[in-house]
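Data file: start_25.txt. Format and content: compact mmCIF, C-alpha atoms.
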# COMPACT_ATOMS: atom_id res chain seq x y z
CA MET A 1 128.62 78.17 -59.22
CA PRO A 2 129.33 75.48 -56.63
CA VAL A 3 128.69 77.12 -53.32
CA THR A 4 127.71 75.25 -50.19
CA VAL A 5 125.22 76.77 -47.77
CA GLU A 6 125.44 75.83 -44.10
CA SER A 7 122.45 76.93 -42.04
CA PHE A 8 122.37 76.93 -38.25
CA ASP A 9 119.71 77.64 -35.65
CA SER A 10 122.07 79.45 -33.31
CA ALA A 11 124.60 82.18 -33.96
CA ASP A 12 127.17 80.33 -31.84
CA GLU A 13 127.04 77.27 -34.10
CA ALA A 14 127.34 79.51 -37.16
CA ALA A 15 130.35 81.25 -35.62
CA ARG A 16 132.10 77.91 -35.11
CA ALA A 17 131.43 76.90 -38.73
CA LEU A 18 132.72 80.25 -39.98
CA ALA A 19 135.88 80.00 -37.89
CA ALA A 20 136.53 76.47 -39.19
CA SER A 21 136.75 77.48 -42.84
CA ARG A 22 138.89 80.14 -44.48
CA SER A 23 136.81 80.05 -47.64
CA ALA A 24 133.46 80.61 -45.90
CA ARG A 25 131.56 83.88 -45.71
CA PHE A 26 128.82 84.82 -43.28
CA LEU A 27 125.56 85.61 -45.08
CA GLY A 28 123.52 88.53 -43.78
CA GLY A 29 120.76 89.93 -45.95
CA GLY A 30 122.37 88.80 -49.19
CA THR A 31 122.61 92.16 -50.91
CA LEU A 32 126.41 91.86 -51.07
CA LEU A 33 127.10 88.12 -51.01
CA MET A 34 124.25 86.84 -53.20
CA ARG A 35 125.32 89.46 -55.69
CA ALA A 36 128.79 87.90 -55.61
CA VAL A 37 127.28 84.41 -55.99
CA ASN A 38 125.28 85.55 -59.03
CA ASP A 39 128.48 87.07 -60.40
CA GLY A 40 130.38 83.79 -60.12
CA ASP A 41 132.75 85.03 -57.42
CA GLN A 42 135.31 82.28 -56.74
CA SER A 43 136.86 83.82 -53.62
CA PHE A 44 134.58 81.80 -51.31
CA ASP A 45 132.92 78.40 -51.57
CA THR A 46 130.70 78.31 -48.49
CA LEU A 47 127.97 80.56 -47.12
CA VAL A 48 127.27 80.27 -43.40
CA ARG A 49 123.96 81.60 -42.14
CA THR A 50 121.71 81.62 -39.10
CA GLY A 51 118.19 82.80 -38.42
CA ASP A 52 119.02 83.31 -34.73
CA PRO A 53 116.51 85.91 -33.45
CA ALA A 54 119.11 87.14 -30.94
CA LEU A 55 120.86 88.90 -33.83
CA ARG A 56 117.69 90.84 -34.69
CA GLN A 57 117.21 92.57 -31.33
CA ILE A 58 117.37 96.29 -30.68
CA ARG A 59 117.65 97.26 -27.00
CA GLY A 60 118.85 100.03 -24.74
CA GLU A 61 121.98 99.50 -22.64
CA GLY A 62 122.99 102.35 -20.36
CA ASP A 63 123.59 105.46 -22.48
CA GLY A 64 123.75 103.37 -25.62
CA ILE A 65 121.55 101.37 -27.95
CA VAL A 66 122.54 97.87 -29.04
CA ILE A 67 121.50 97.03 -32.61
CA GLY A 68 121.65 93.36 -33.60
CA ALA A 69 123.76 92.67 -36.68
CA ALA A 70 120.85 91.04 -38.55
CA CYS A 71 118.57 94.08 -38.12
CA THR A 72 117.57 95.35 -41.53
CA MET A 73 117.66 98.97 -42.60
CA ALA A 74 113.84 98.86 -42.58
CA ALA A 75 113.88 97.70 -38.96
CA VAL A 76 116.26 100.49 -37.98
CA ALA A 77 114.16 103.09 -39.81
CA ALA A 78 111.00 101.93 -38.02
CA HIS A 79 112.36 101.70 -34.47
CA ARG A 80 111.31 104.52 -32.19
CA ASP A 81 114.56 104.54 -30.19
CA LEU A 82 116.58 104.94 -33.39
CA ALA A 83 114.83 108.00 -34.81
CA PHE A 84 118.21 109.74 -35.13
CA LEU A 85 119.44 106.92 -37.40
CA ALA A 86 116.23 106.66 -39.47
CA PRO A 87 117.35 109.32 -41.99
CA VAL A 88 120.48 107.22 -42.58
CA ALA A 89 118.65 103.89 -42.96
CA ARG A 90 116.05 105.44 -45.26
CA VAL A 91 118.58 106.52 -47.91
CA ILE A 92 120.18 103.10 -48.28
CA GLY A 93 119.03 101.33 -51.43
CA GLY A 94 115.37 101.20 -52.39
CA PRO A 95 112.57 99.72 -50.25
CA ALA A 96 113.36 96.12 -51.28
CA VAL A 97 117.05 96.50 -50.43
CA ARG A 98 116.13 98.05 -47.08
CA ASN A 99 114.02 94.96 -46.27
CA MET A 100 117.08 92.79 -46.81
CA ALA A 101 120.30 94.73 -46.15
CA THR A 102 121.54 94.40 -42.58
CA VAL A 103 123.50 96.57 -40.18
CA GLY A 104 126.16 93.87 -39.86
CA GLY A 105 126.50 93.47 -43.61
CA ASN A 106 126.88 97.20 -44.16
CA LEU A 107 130.11 97.05 -42.13
CA PHE A 108 131.61 94.97 -44.95
CA ALA A 109 130.36 97.07 -47.88
CA ASP A 110 133.00 98.70 -50.03
CA ALA A 111 132.66 102.26 -51.32
CA PRO A 112 130.51 103.69 -52.75
CA TYR A 113 128.27 101.56 -50.50
CA GLY A 114 128.40 101.40 -46.72
CA ASP A 115 126.63 104.66 -45.84
CA PHE A 116 125.30 103.27 -42.56
CA THR A 117 128.84 102.47 -41.46
CA VAL A 118 129.78 106.12 -42.05
CA ALA A 119 127.15 107.05 -39.47
CA LEU A 120 128.44 104.36 -37.10
CA LEU A 121 131.98 105.70 -37.48
CA ALA A 122 130.88 109.24 -36.61
CA LEU A 123 128.96 107.92 -33.59
CA GLY A 124 131.99 105.96 -32.38
CA ALA A 125 130.09 102.67 -32.38
CA ARG A 126 131.39 99.55 -30.69
CA ILE A 127 131.32 96.28 -32.65
CA ASP A 128 130.69 93.02 -30.78
CA PHE A 129 131.19 89.55 -32.21
CA VAL A 130 129.38 86.26 -31.71
CA GLY A 131 131.06 83.89 -29.27
CA GLN A 132 134.64 84.12 -28.09
CA GLY A 133 133.39 86.08 -25.05
CA SER A 134 134.87 89.07 -26.81
CA ARG A 135 134.59 92.55 -25.43
CA GLY A 136 134.18 94.01 -28.87
CA VAL A 137 136.24 96.60 -30.70
CA GLU A 138 135.85 100.27 -31.49
CA ILE A 139 134.67 100.83 -35.03
CA ASP A 140 137.92 102.65 -35.93
CA GLU A 141 139.88 99.53 -35.06
CA PHE A 142 137.34 97.32 -36.83
CA LEU A 143 137.71 99.26 -40.07
CA ARG A 144 141.52 99.27 -39.86
CA ASP A 145 141.60 95.49 -40.02
CA ARG A 146 138.29 94.53 -41.52
CA GLY A 147 139.61 91.46 -43.35
CA ARG A 148 140.69 89.77 -40.13
CA GLN A 149 137.45 90.76 -38.37
CA ALA A 150 135.45 88.74 -40.90
CA SER A 151 136.50 85.48 -39.21
CA ALA A 152 133.78 85.91 -36.56
CA PRO A 153 130.20 87.03 -37.24
CA VAL A 154 129.29 90.45 -35.92
CA ARG A 155 126.71 90.12 -33.15
CA SER A 156 125.77 93.76 -32.69
CA VAL A 157 126.79 97.38 -32.93
CA THR A 158 126.35 99.72 -29.99
CA VAL A 159 125.81 103.42 -30.57
CA PRO A 160 125.49 106.24 -28.04
CA ARG A 161 122.05 107.77 -27.69
CA PRO A 162 122.56 111.45 -28.61
CA ARG A 163 121.24 113.68 -25.81
CA ASP A 164 120.20 116.29 -28.33
CA ALA A 165 118.77 115.20 -31.68
CA SER A 166 120.68 117.94 -33.54
CA ALA A 167 123.99 116.54 -32.23
CA PHE A 168 123.95 113.91 -34.97
CA ARG A 169 123.80 114.98 -38.58
CA PHE A 170 124.03 113.05 -41.81
CA VAL A 171 123.93 113.80 -45.50
CA LYS A 172 124.23 111.51 -48.49
CA VAL A 173 124.98 113.32 -51.72
CA SER A 174 123.87 111.47 -54.83
CA ARG A 175 122.97 112.51 -58.35
CA VAL A 176 119.76 110.50 -58.61
CA LYS A 177 116.78 111.17 -56.35
CA PRO A 178 115.36 109.64 -54.29
CA LYS A 179 117.60 106.58 -54.64
CA GLY A 180 121.12 107.06 -55.82
CA ILE A 181 124.56 105.76 -55.04
CA SER A 182 126.61 107.99 -52.79
CA LEU A 183 129.22 110.21 -54.35
CA LEU A 184 129.84 111.61 -50.91
CA THR A 185 128.43 110.86 -47.48
CA ILE A 186 129.10 112.92 -44.37
CA ALA A 187 128.12 112.04 -40.82
CA ALA A 188 128.88 114.35 -37.91
CA PHE A 189 128.50 113.75 -34.17
CA LEU A 190 128.57 117.18 -32.51
CA PRO A 191 127.95 116.92 -28.76
CA GLN A 192 128.06 120.28 -26.98
CA SER A 193 128.93 121.11 -23.43
CA GLY A 194 128.80 124.65 -22.05
CA GLY A 195 128.14 126.04 -25.52
CA ARG A 196 131.24 124.42 -26.99
CA LEU A 197 131.73 121.32 -29.10
CA ARG A 198 133.22 118.46 -27.09
CA GLY A 199 134.04 115.03 -28.48
CA VAL A 200 133.41 115.87 -32.14
CA ARG A 201 133.58 113.05 -34.67
CA VAL A 202 133.17 113.59 -38.41
CA ALA A 203 133.21 110.73 -40.94
CA TYR A 204 133.14 110.55 -44.72
CA GLY A 205 131.93 107.82 -47.04
CA ALA A 206 132.92 107.31 -50.70
CA MET A 207 136.00 109.49 -50.12
CA GLY A 208 138.25 106.43 -49.88
CA PRO A 209 137.89 102.65 -50.12
CA LEU A 210 136.39 102.57 -46.61
CA PRO A 211 134.59 105.13 -44.42
CA LEU A 212 137.18 107.45 -42.86
CA ARG A 213 137.44 110.13 -40.19
CA ALA A 214 137.92 113.77 -41.20
CA THR A 215 140.44 114.38 -38.46
CA ALA A 216 141.46 117.88 -39.55
CA VAL A 217 137.80 118.92 -39.49
CA GLU A 218 137.38 117.41 -36.04
CA ARG A 219 140.40 119.39 -34.75
CA ALA A 220 139.00 122.60 -36.24
CA LEU A 221 135.68 122.06 -34.44
CA GLU A 222 136.79 120.70 -31.07
CA ASP A 223 136.33 123.11 -28.14
CA GLN A 224 134.87 125.73 -30.46
CA GLN A 225 131.50 127.38 -30.65
CA LEU A 226 129.59 126.35 -33.77
CA ASP A 227 129.65 129.84 -35.33
CA ALA A 228 130.39 131.21 -38.79
CA ALA A 229 134.14 131.52 -38.18
CA THR A 230 134.37 127.92 -36.98
CA LEU A 231 132.40 126.72 -40.00
CA ASP A 232 134.85 128.50 -42.31
CA ARG A 233 137.86 126.99 -40.57
CA ALA A 234 136.32 123.50 -40.71
CA ALA A 235 135.40 123.83 -44.39
CA ALA A 236 138.94 125.03 -45.23
CA VAL A 237 140.39 121.71 -44.03
CA ALA A 238 137.54 119.50 -45.29
CA CYS A 239 139.88 117.36 -47.40
CA GLU A 240 143.14 117.75 -45.51
CA GLY A 241 144.99 114.46 -45.55
CA ILE A 242 142.31 112.86 -47.74
CA GLU A 243 142.73 111.70 -51.32
CA PRO A 244 139.19 111.28 -52.64
CA ARG A 245 138.84 108.51 -55.17
CA THR A 246 137.77 108.72 -58.76
CA ASP A 247 135.02 106.35 -59.88
CA ALA A 248 132.21 106.26 -62.41
CA LEU A 249 130.13 108.66 -60.30
CA ALA A 250 132.61 111.46 -59.69
CA SER A 251 136.27 112.31 -60.03
CA GLY A 252 138.48 112.77 -57.01
CA TRP A 253 138.79 116.42 -58.00
CA TYR A 254 135.01 116.87 -57.98
CA ARG A 255 134.64 115.19 -54.60
CA ARG A 256 137.32 117.46 -53.18
CA GLU A 257 135.57 120.55 -54.58
CA VAL A 258 132.11 119.74 -53.25
CA ALA A 259 133.05 118.12 -49.92
CA ALA A 260 133.72 121.48 -48.25
CA VAL A 261 130.42 122.91 -49.48
CA HIS A 262 128.35 119.98 -48.22
CA LEU A 263 130.28 119.84 -44.96
CA LYS A 264 129.64 123.50 -44.27
CA ARG A 265 125.92 123.18 -45.03
CA LEU A 266 125.65 120.13 -42.79
CA LEU A 267 127.43 121.83 -39.88
CA ALA A 268 125.29 124.94 -40.35
CA GLY A 269 122.17 122.77 -40.16
CA GLU A 270 121.01 123.83 -43.60
CA GLY A 271 118.83 121.50 -45.64
CA ARG A 272 120.01 120.67 -49.10
CA MET B 1 126.04 69.97 -55.20
CA ALA B 2 123.46 69.24 -52.57
CA SER B 3 119.74 69.60 -53.14
CA LYS B 4 117.59 70.78 -50.31
CA PRO B 5 113.84 70.51 -49.90
CA LEU B 6 112.02 73.82 -49.62
CA GLN B 7 108.40 74.50 -48.76
CA PHE B 8 106.66 77.84 -48.94
CA ARG B 9 103.40 79.39 -50.09
CA LEU B 10 103.42 80.97 -53.52
CA ASN B 11 100.43 83.20 -54.24
CA GLY B 12 98.44 81.30 -51.62
CA ALA B 13 99.30 77.78 -52.86
CA GLU B 14 101.60 75.41 -51.02
CA LYS B 15 104.78 74.63 -52.97
CA ALA B 16 107.40 71.98 -52.27
CA VAL B 17 110.54 71.98 -54.42
CA PHE B 18 114.19 71.05 -54.31
CA THR B 19 116.72 73.86 -54.46
CA ARG B 20 120.38 73.72 -55.32
CA ASP B 21 122.82 75.08 -52.74
CA GLY B 22 123.24 78.80 -53.22
CA GLU B 23 120.25 79.05 -55.56
CA ASN B 24 118.37 82.31 -55.43
CA LEU B 25 114.60 82.64 -55.11
CA LEU B 26 114.23 84.03 -58.63
CA ASP B 27 115.70 80.87 -60.16
CA VAL B 28 113.48 78.67 -57.99
CA LEU B 29 110.40 80.60 -59.09
CA ARG B 30 111.27 80.68 -62.78
CA ARG B 31 113.10 77.39 -63.37
CA GLY B 32 111.86 75.26 -60.51
CA ILE B 33 108.20 76.25 -60.42
CA GLY B 34 107.64 77.89 -63.80
CA ASP B 35 106.32 81.23 -62.53
CA LEU B 36 107.87 83.44 -65.21
CA THR B 37 106.34 86.70 -63.98
CA PRO B 38 109.37 87.89 -61.97
CA LYS B 39 112.11 88.80 -64.46
CA GLN B 40 115.87 88.64 -64.24
CA GLY B 41 117.42 91.91 -65.25
CA CYS B 42 120.75 92.68 -63.63
CA ALA B 43 121.02 89.85 -61.04
CA GLN B 44 122.85 92.47 -58.98
CA GLY B 45 120.05 94.06 -56.97
CA THR B 46 120.05 97.23 -59.03
CA CYS B 47 117.11 97.08 -61.45
CA GLY B 48 114.24 95.78 -59.28
CA THR B 49 112.38 93.81 -61.95
CA CYS B 50 112.74 90.60 -59.87
CA THR B 51 110.90 92.21 -56.93
CA VAL B 52 108.50 89.83 -55.15
CA LEU B 53 106.73 90.12 -51.81
CA VAL B 54 107.92 87.95 -48.94
CA ASP B 55 105.38 88.05 -46.12
CA GLY B 56 104.00 91.17 -47.79
CA GLU B 57 107.28 93.09 -47.95
CA PRO B 58 109.16 93.72 -51.20
CA GLN B 59 112.42 91.83 -51.63
CA LEU B 60 114.75 91.31 -54.55
CA SER B 61 114.31 87.65 -55.44
CA CYS B 62 117.63 87.58 -57.33
CA LEU B 63 119.48 88.35 -54.08
CA THR B 64 117.29 86.23 -51.81
CA LEU B 65 118.82 82.87 -50.95
CA ALA B 66 115.93 80.53 -51.78
CA GLU B 67 116.04 78.58 -48.54
CA THR B 68 115.41 81.73 -46.51
CA VAL B 69 111.75 81.73 -47.61
CA GLU B 70 111.07 78.34 -45.95
CA GLY B 71 107.56 78.48 -44.49
CA ARG B 72 106.93 82.03 -45.70
CA GLN B 73 104.42 83.63 -48.07
CA VAL B 74 105.76 84.69 -51.46
CA THR B 75 103.65 86.80 -53.80
CA THR B 76 104.45 87.42 -57.45
CA THR B 77 102.66 89.23 -60.25
CA ALA B 78 101.09 85.87 -61.20
CA GLY B 79 99.11 86.13 -57.97
CA LEU B 80 97.53 89.51 -58.69
CA ALA B 81 94.70 88.73 -61.11
CA GLN B 82 91.65 86.81 -59.86
CA GLY B 83 90.89 84.53 -62.80
CA ALA B 84 90.04 86.76 -65.75
CA GLU B 85 89.69 89.82 -63.54
CA LEU B 86 92.79 91.98 -63.44
CA HIS B 87 94.03 93.45 -60.19
CA PRO B 88 93.22 97.19 -59.90
CA LEU B 89 96.93 97.94 -60.29
CA GLN B 90 97.16 95.92 -63.49
CA LYS B 91 94.06 97.63 -64.86
CA ALA B 92 95.42 101.05 -63.94
CA PHE B 93 98.75 100.23 -65.63
CA MET B 94 96.81 99.34 -68.80
CA ASP B 95 94.58 102.40 -68.67
CA ASN B 96 97.56 104.73 -68.14
CA PHE B 97 99.82 103.07 -70.73
CA ALA B 98 102.27 102.48 -67.89
CA ALA B 99 104.00 99.57 -69.62
CA GLN B 100 106.22 100.52 -72.52
CA CYS B 101 108.68 97.71 -73.16
CA GLY B 102 107.16 96.03 -70.09
CA PHE B 103 110.35 94.63 -68.63
CA CYS B 104 110.17 96.59 -65.37
CA THR B 105 106.39 96.09 -65.02
CA PRO B 106 106.30 93.04 -62.71
CA GLY B 107 108.71 94.71 -60.29
CA MET B 108 106.81 97.98 -60.45
CA LEU B 109 103.52 96.17 -59.76
CA MET B 110 104.89 94.36 -56.72
CA ALA B 111 106.54 97.48 -55.29
CA ALA B 112 103.25 99.32 -55.82
CA LYS B 113 101.21 96.54 -54.23
CA ALA B 114 103.41 96.63 -51.13
CA LEU B 115 102.85 100.39 -50.92
CA LEU B 116 99.06 100.28 -51.36
CA ASP B 117 98.69 97.40 -48.89
CA ARG B 118 100.41 99.56 -46.29
CA GLU B 119 99.27 103.01 -47.41
CA PRO B 120 95.95 102.93 -49.30
CA SER B 121 96.01 106.65 -50.15
CA PRO B 122 99.62 107.49 -50.90
CA THR B 123 100.94 110.88 -51.95
CA ARG B 124 102.84 111.23 -55.20
CA GLU B 125 106.07 111.47 -53.19
CA GLN B 126 105.30 108.20 -51.40
CA VAL B 127 104.71 106.52 -54.76
CA ILE B 128 108.03 107.82 -56.09
CA GLU B 129 109.80 106.57 -52.98
CA ALA B 130 108.08 103.16 -53.20
CA ILE B 131 109.28 102.53 -56.77
CA SER B 132 112.69 104.14 -56.25
CA GLY B 133 114.38 100.74 -56.38
CA ASN B 134 112.80 99.88 -59.73
CA ILE B 135 114.41 101.12 -62.90
CA CYS B 136 112.34 101.80 -66.02
CA ARG B 137 114.82 102.09 -68.85
CA CYS B 138 112.14 103.49 -71.14
CA THR B 139 112.11 106.27 -68.51
CA GLY B 140 108.32 106.04 -68.49
CA TYR B 141 108.03 106.89 -64.81
CA GLU B 142 105.23 109.47 -65.06
CA PRO B 143 102.56 107.07 -66.42
CA ILE B 144 103.66 104.47 -63.86
CA ILE B 145 103.25 106.95 -61.00
CA ASP B 146 99.88 108.07 -62.40
CA ALA B 147 98.74 104.45 -62.68
CA ILE B 148 99.60 103.69 -59.06
CA LEU B 149 97.78 106.82 -57.88
CA ASP B 150 94.77 105.86 -60.03
CA ALA B 151 94.72 102.36 -58.58
CA ALA B 152 94.72 103.87 -55.10
CA GLN B 153 91.77 106.07 -56.06
CA ALA B 154 89.88 103.17 -57.62
CA ARG B 155 90.10 101.52 -54.23
CA GLY B 156 87.76 104.21 -52.92
CA ALA B 157 84.91 102.70 -54.99
CA ARG B 158 85.50 99.08 -53.94
CA GLN B 159 87.73 97.16 -51.60
CA TYR B 160 91.25 96.90 -52.91
CA GLY B 161 92.23 93.24 -53.31
Reformat the file's structure so that it appears as C-alpha cells.
Amino acid sequence: MPVTVESFDSADEAARALAASRSARFLGGGTLLMRAVNDGDQSFDTLVRTGDPALRQIRGEGDGIVIGAACTMAAVAAHRDLAFLAPVARVIGGPAVRNMATVGGNLFADAPYGDFTVALLALGARIDFVGQGSRGVEIDEFLRDRGRQASAPVRSVTVPRPRDASAFRFVKVSRVKPKGISLLTIAAFLPQSGGRLRGVRVAYGAMGPLPLRATAVERALEDQQLDAATLDRAAAVACEGIEPRTDALASGWYRREVAAVHLKRLLAGEGR
Amino acid sequence: MASKPLQFRLNGAEKAVFTRDGENLLDVLRRGIGDLTPKQGCAQGTCGTCTVLVDGEPQLSCLTLAETVEGRQVTTTAGLAQGAELHPLQKAFMDNFAAQCGFCTPGMLMAAKALLDREPSPTREQVIEAISGNICRCTGYEPIIDAILDAAQARGARQYG
C-alpha cells in the first residue's frame, strides 16, 4: 500500500507535519496503525513519527505524574512512581505488545481495546498536546471529540497521584487468561475524606465505542461510606443510561448482567 | 514509493538494506534479507509468530515499522544455534516435543529467550505470562511450557547462551 513515512527528530516538527496534512496519522508504537497499514487501510496516506525522547519522560509535577505519550505499557509497568497503574499496563496485550504500545496511542484505540484509557478516564487525567502552547484538555472533553484532537500529537497525560493505593481500583474481565481481549473493564477512583467518598469517578471500557463514565454509579457512591448498603445501591444502577454493545466476545445483554457483579466485587475490594 | 537506507545488526551481523516506505520489519527480514525464521501469521499483532527481539526485548516484527530499528540489535530464531549446536531452548523444544505443526515455534522461542535472559529461573506462571502473546493453534501449550522450564534448568549445568 502506498504510504509515506515522515520521520522527525523533534516532536514540534512532527506536529507541524501532522497539522499540514489531513490524510496523515501520527505513529506511536504501531500496534494500531501498522495493523491498519498491513490491512490496506486507505483512510490515510502518510505516517508522521518522531523519536523525540521528550515524549518518553515520566516525571512528578505537584500532586500529579506526567507520563509522556510515547511511554510504552512496559515502561509504565516498570516505573516505581506508577505502581498504581502497573496492574493496568500489565494486562494490555502480551509482552511484545507492551514493549510497543504507547500511552498516547491507547487514547485512540477503539473498543474492545483502550483499557489504559479507561483508567485515565477514572483518574480524571489531563491530556496535553505538542506545540500550540496548549493548556491541554480534560480527558472527558478529549474523548467527546477525539477525531478533532487527532490533528495534534499528544505530548503527555497527567494523572493525580492517589494518596492511598486502595483509592484506585481496576479490573479487566476477559475470557482468556492471562491475555485476553476485554469484554468489560472497570476503573474506579475512590478518594475518601472523613470516612466518606469524595470526588468519585468510575469508568467502563468495552461498554460502548469509547470508554465512558458510569455517572449513576458515581452519584450512588458520592458522599457515602463504602459499606454494604452503598455497594448494593451502586450495583443496582451499574448500567443506568448505558447501552452495552454486542460484539464477538459478548452480547450487550451479557455485559449488562455481569457488569453489576464485577462492579460490586471491585468496590468491595474482592479479588476475582 | 521512496526507498530508504536502513542499517541495523541482525543476530550480531551488520546489515544494510533498502526499505520501502511503510514496510514492516518482518518483510525486511524475510524478503529483503532472506531470514525466513520469523513467520507471518495474522499480520495484525494477534498471533505472535513474528516475534523478534529488538535490543533484547520481544516485539512483533509485523507491526514494527522497519526504519524504527535503525542502529538497533535485532535477534531472530536464526541467531539461536551456534553452528551445528542448538540453543538450549531449541534442544528442550525437541526433547519435549514442543513443536507440533511448528508454526508458532519461532515466536515461542524468542518470547522464551527474552524471559530466560531476564529471569534465568522462572516459575511456571512467569513462563505462561511470557508466552501469553503467542498463540499455538495446535493448543500444545503444556509441552512448550515444560520445554522452557527444562531449558532454564539445563542452564544450571552450563552457562545459558
Atom pair atom CA of A:Arg56 / atom CA of B:Asp117: separation (Å)
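According to the coordinates, atom CA of A:Arg56 and atom CA of B:Asp117 are separated by 24.6 Å.
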Pick out the chain A residues within 12 Å of chain B. Count all atoms listed in the file. Give them as JSON, numbers by chain.
{"A": [1, 2, 3, 4, 5, 6, 7, 8, 27, 28, 29, 30, 31, 32, 33, 34, 35, 36, 37, 38, 39, 40, 44, 45, 46, 47, 48, 49, 50, 51, 72, 74, 90, 91, 92, 93, 94, 95, 96, 97, 98, 99, 100, 101, 176, 177, 178, 179, 180, 181]}
As a check of understanding: the span from atom CA of A:Pro153 to atom CA of A:Ala125 is 16.4 Å
Find the distance between atom CA of B:Leu86 and atom CA of B:Gln153 and write it in Å to one decimal.
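Answer for the atom CA of B:Leu86 to atom CA of B:Gln153 separation: 15.9 Å.
Of the listed residues B:Ala154, B:Cys50, B:Ala78, B:Cys138, the one whose atoms come nearest to B:Met108 is B:Cys50, with distances taken using all atoms listed in the file.
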Would you pick out the contacts of stretch 212-214 of chain A at 9 Å or less, using all atoms listed in the file, so that residues sharing its chain but fewer than 3 positions from it are not included, and give the list as a PyMOL selection string?
chain A and resi 118+121-122+140+143+201-209+217-219+237-242
Once you count all atoms listed in the file, which residues end up no further than 12 Å from (91.3, 103.1, -66.3) in the file's frame, shown as an MDAnalysis selection string?
chainID B and resid 86:98 143 146:154
Quick one: residues within 8 Å of stretch 262-272 of chain A, all atoms listed in the file counted, chain neighbours fewer than 6 positions away excluded, as a list of chain:residue names?
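Residues near the query, excluding close chain neighbours: A:Arg169, A:Phe170, A:Val171, A:Ile186, A:Ala188, A:Leu226, A:Leu231, A:Asp232, A:Ala234, A:Ala235, A:Ala238.
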Pick the closest to B:Thr19 from B:Ala66, B:Gln40, B:Gln100, B:Glu85: which is it, counting all atoms listed in the file?
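Looking only at the distances to B:Thr19, the closest residue turns out to be B:Ala66.
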Selection: 10 Å around A:Gly252, only C-alpha atoms, excl. self and same-chain fewer than 5 positions, as a VMD selection string:
chain A and resid 183 207 to 208 243 to 247 257
